[in-house]
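One structure below.
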Amino acid sequence: MTRRPHPPKDPIPREGLRPRFWERVPLRNMAPKEWEALCDGCGKCCLNKLEDPDTGEVVFTRIGCRLLDDETCRCGNYEIRKTIVPECVVLTPGNIGEIAYWMPRTCAYRLLHEGKSLYDWHPLISGDPDSVHRAGESVQGWTVPEFEVPEDDWEDYIVEGDL
């Protein structure tokens with residue numbers, strides 16, 4: 001008699017979220033709460049980026065948005081962020097295709113859009129919201145507030161390597 005392995009269990013209970021929804025539900029069909037739960041809390045999308053107008057290459061800087069909390073790696077005014085920072089891009093299932101190229105390579109939205117799996121350190125997998133920080137995949141403790149650096153000097157703060 002061959003034993004079949006049990007399907008993996010959802011690591012933590014999530015009120016209002018379908019079990020392992022990220023593996024079964026297309027981004028465009030996710031409930032708003034599921035969409036929001038995809039964010040791993042890394043803060044990388046809140047880093048200011050520079051885009052080469054000739055090549056389209058995007059690089060990240062260590063310069064965080066004025067609303068980024070460097071310790072929690074979360075937006076300090078998430079609900080009204082677009083009012084305070086008009087240039088803030090609000091990611092939606094409708095615009096992920098246009099925006100994915102400049103999202104961090106580890107971003108759950110980008111990964112799922114590209115048909116890839118979440119990393120083991122993602123809080124939806126690990127069950128621990130701090131796993132992203134312990135894995136060294138967040139911006140915790142190494143950003144510089146945008147108002148402290150003149151925009152002409154942002155090139156001096158480019159992050160080397162892949163985010």
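Naming scheme: A, B, ... for chains in displayed order of the structure tokens; residues 1 onward per chain; ligands 1 onward as shown.
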
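Near segment 33-49 of chain A, within a cut-off of 7 Å and counting only C-alpha atoms, sit the residues A:Leu17, A:Val58, A:Val59, A:Phe60, A:Thr61, A:Arg62, A:Ile63, A:Gly64, A:Cys65, A:Leu68, A:Cys73, A:Arg74, A:Met103, A:Pro104, A:Ala108, A:Tyr109, A:His122, A:Pro123, A:Val132, A:Glu137, A:Ser138, A:Val139, with same-chain residues fewer than 5 positions away left out.
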
Enumerate as a count of residues only all residues of chain A assigned to alpha helix (DSSP H) by DSSP on the backbone, naming them with the chain letters and numbers the document uses.
32

Between atom CA of Ile84 of chain A and atom CA of Leu67 of chain A, what is the distance in Å, rounded to a tenth?
8.6 Å

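The environment of Ser117 of chain A within 8 Å, counting only C-alpha atoms and disregarding residues fewer than 3 places along the same chain, consists of A:Glu23, A:Leu111, A:Leu112.
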
Output for the residues just chosen: N, CA and C atoms as a PDB file, in the first residue's frame:
```pdb
ATOM      1  N   GLU A  23      -1.591  30.255  -4.337  1.00  0.00           N
ATOM      2  CA  GLU A  23      -1.248  29.157  -5.240  1.00  0.00           C
ATOM      3  C   GLU A  23      -2.397  28.798  -6.183  1.00  0.00           C
ATOM      4  N   LEU A 111       6.375  37.969  -8.546  1.00  0.00           N
ATOM      5  CA  LEU A 111       6.576  36.521  -8.675  1.00  0.00           C
ATOM      6  C   LEU A 111       5.319  35.833  -9.198  1.00  0.00           C
ATOM      7  N   LEU A 112       4.179  36.126  -8.597  1.00  0.00           N
ATOM      8  CA  LEU A 112       2.942  35.477  -9.025  1.00  0.00           C
ATOM      9  C   LEU A 112       2.548  35.914 -10.434  1.00  0.00           C
TER      10      LEU A 112
END
```

Enumerate the residues of chain A with a DSSP assignment of strand (DSSP E or B), computed from the backbone, and present them as a ChimeraX atom specification.
/A:47-51,58-64,68-69,74-75,144-145,158

Given the selection you just returned, output its residues as a file containing C-alpha atoms, formatted as a PDB file, in the first residue's frame.
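Contents of the output file selection_37.pdb:
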```
ATOM      1  CA  LEU A  47      12.709  52.774  -2.317  1.00  0.00           C
ATOM      2  CA  ASN A  48      13.184  55.535  -4.853  1.00  0.00           C
ATOM      3  CA  LYS A  49      14.286  54.186  -8.196  1.00  0.00           C
ATOM      4  CA  LEU A  50      16.164  55.632 -11.125  1.00  0.00           C
ATOM      5  CA  GLU A  51      15.320  54.649 -14.688  1.00  0.00           C
ATOM      6  CA  VAL A  58      15.743  50.504 -13.440  1.00  0.00           C
ATOM      7  CA  VAL A  59      18.005  50.663 -10.402  1.00  0.00           C
ATOM      8  CA  PHE A  60      17.036  50.933  -6.765  1.00  0.00           C
ATOM      9  CA  THR A  61      18.497  53.501  -4.388  1.00  0.00           C
ATOM     10  CA  ARG A  62      18.822  53.325  -0.601  1.00  0.00           C
ATOM     11  CA  ILE A  63      16.591  56.387  -0.468  1.00  0.00           C
ATOM     12  CA  GLY A  64      13.232  55.556   1.049  1.00  0.00           C
ATOM     13  CA  LEU A  68       8.565  54.580   4.690  1.00  0.00           C
ATOM     14  CA  ASP A  69       9.111  53.492   8.294  1.00  0.00           C
ATOM     15  CA  ARG A  74       5.763  49.656   6.113  1.00  0.00           C
ATOM     16  CA  CYS A  75       4.142  52.831   4.896  1.00  0.00           C
ATOM     17  CA  VAL A 144      18.050  57.054   3.965  1.00  0.00           C
ATOM     18  CA  PRO A 145      15.042  59.422   4.096  1.00  0.00           C
ATOM     19  CA  ILE A 158      22.302  53.188  -5.916  1.00  0.00           C
TER      20      ILE A 158
END
```

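You can rank A:Ser126, A:Arg134, A:Leu27, A:Thr72 by their closest distance to Asn95 of chain A using only C-alpha atoms, and at the top of that list sits A:Leu27.
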
What separation in Å, quoted to one decimal, exists between atom CA of Thr106 of chain A and atom CA of Gln140 of chain A?
15.2 Å

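Shortest separation to Arg105 of chain A among A:Asp120, A:Asp70, A:Glu15, A:Asp162 occurs at residue A:Asp162, atoms counted being only C-alpha atoms.
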
Nearest residue to Pro19 of chain A from the set A:Ile125, A:Glu160, A:Asp153, A:Cys107 (distances using only C-alpha atoms)
A:Ile125
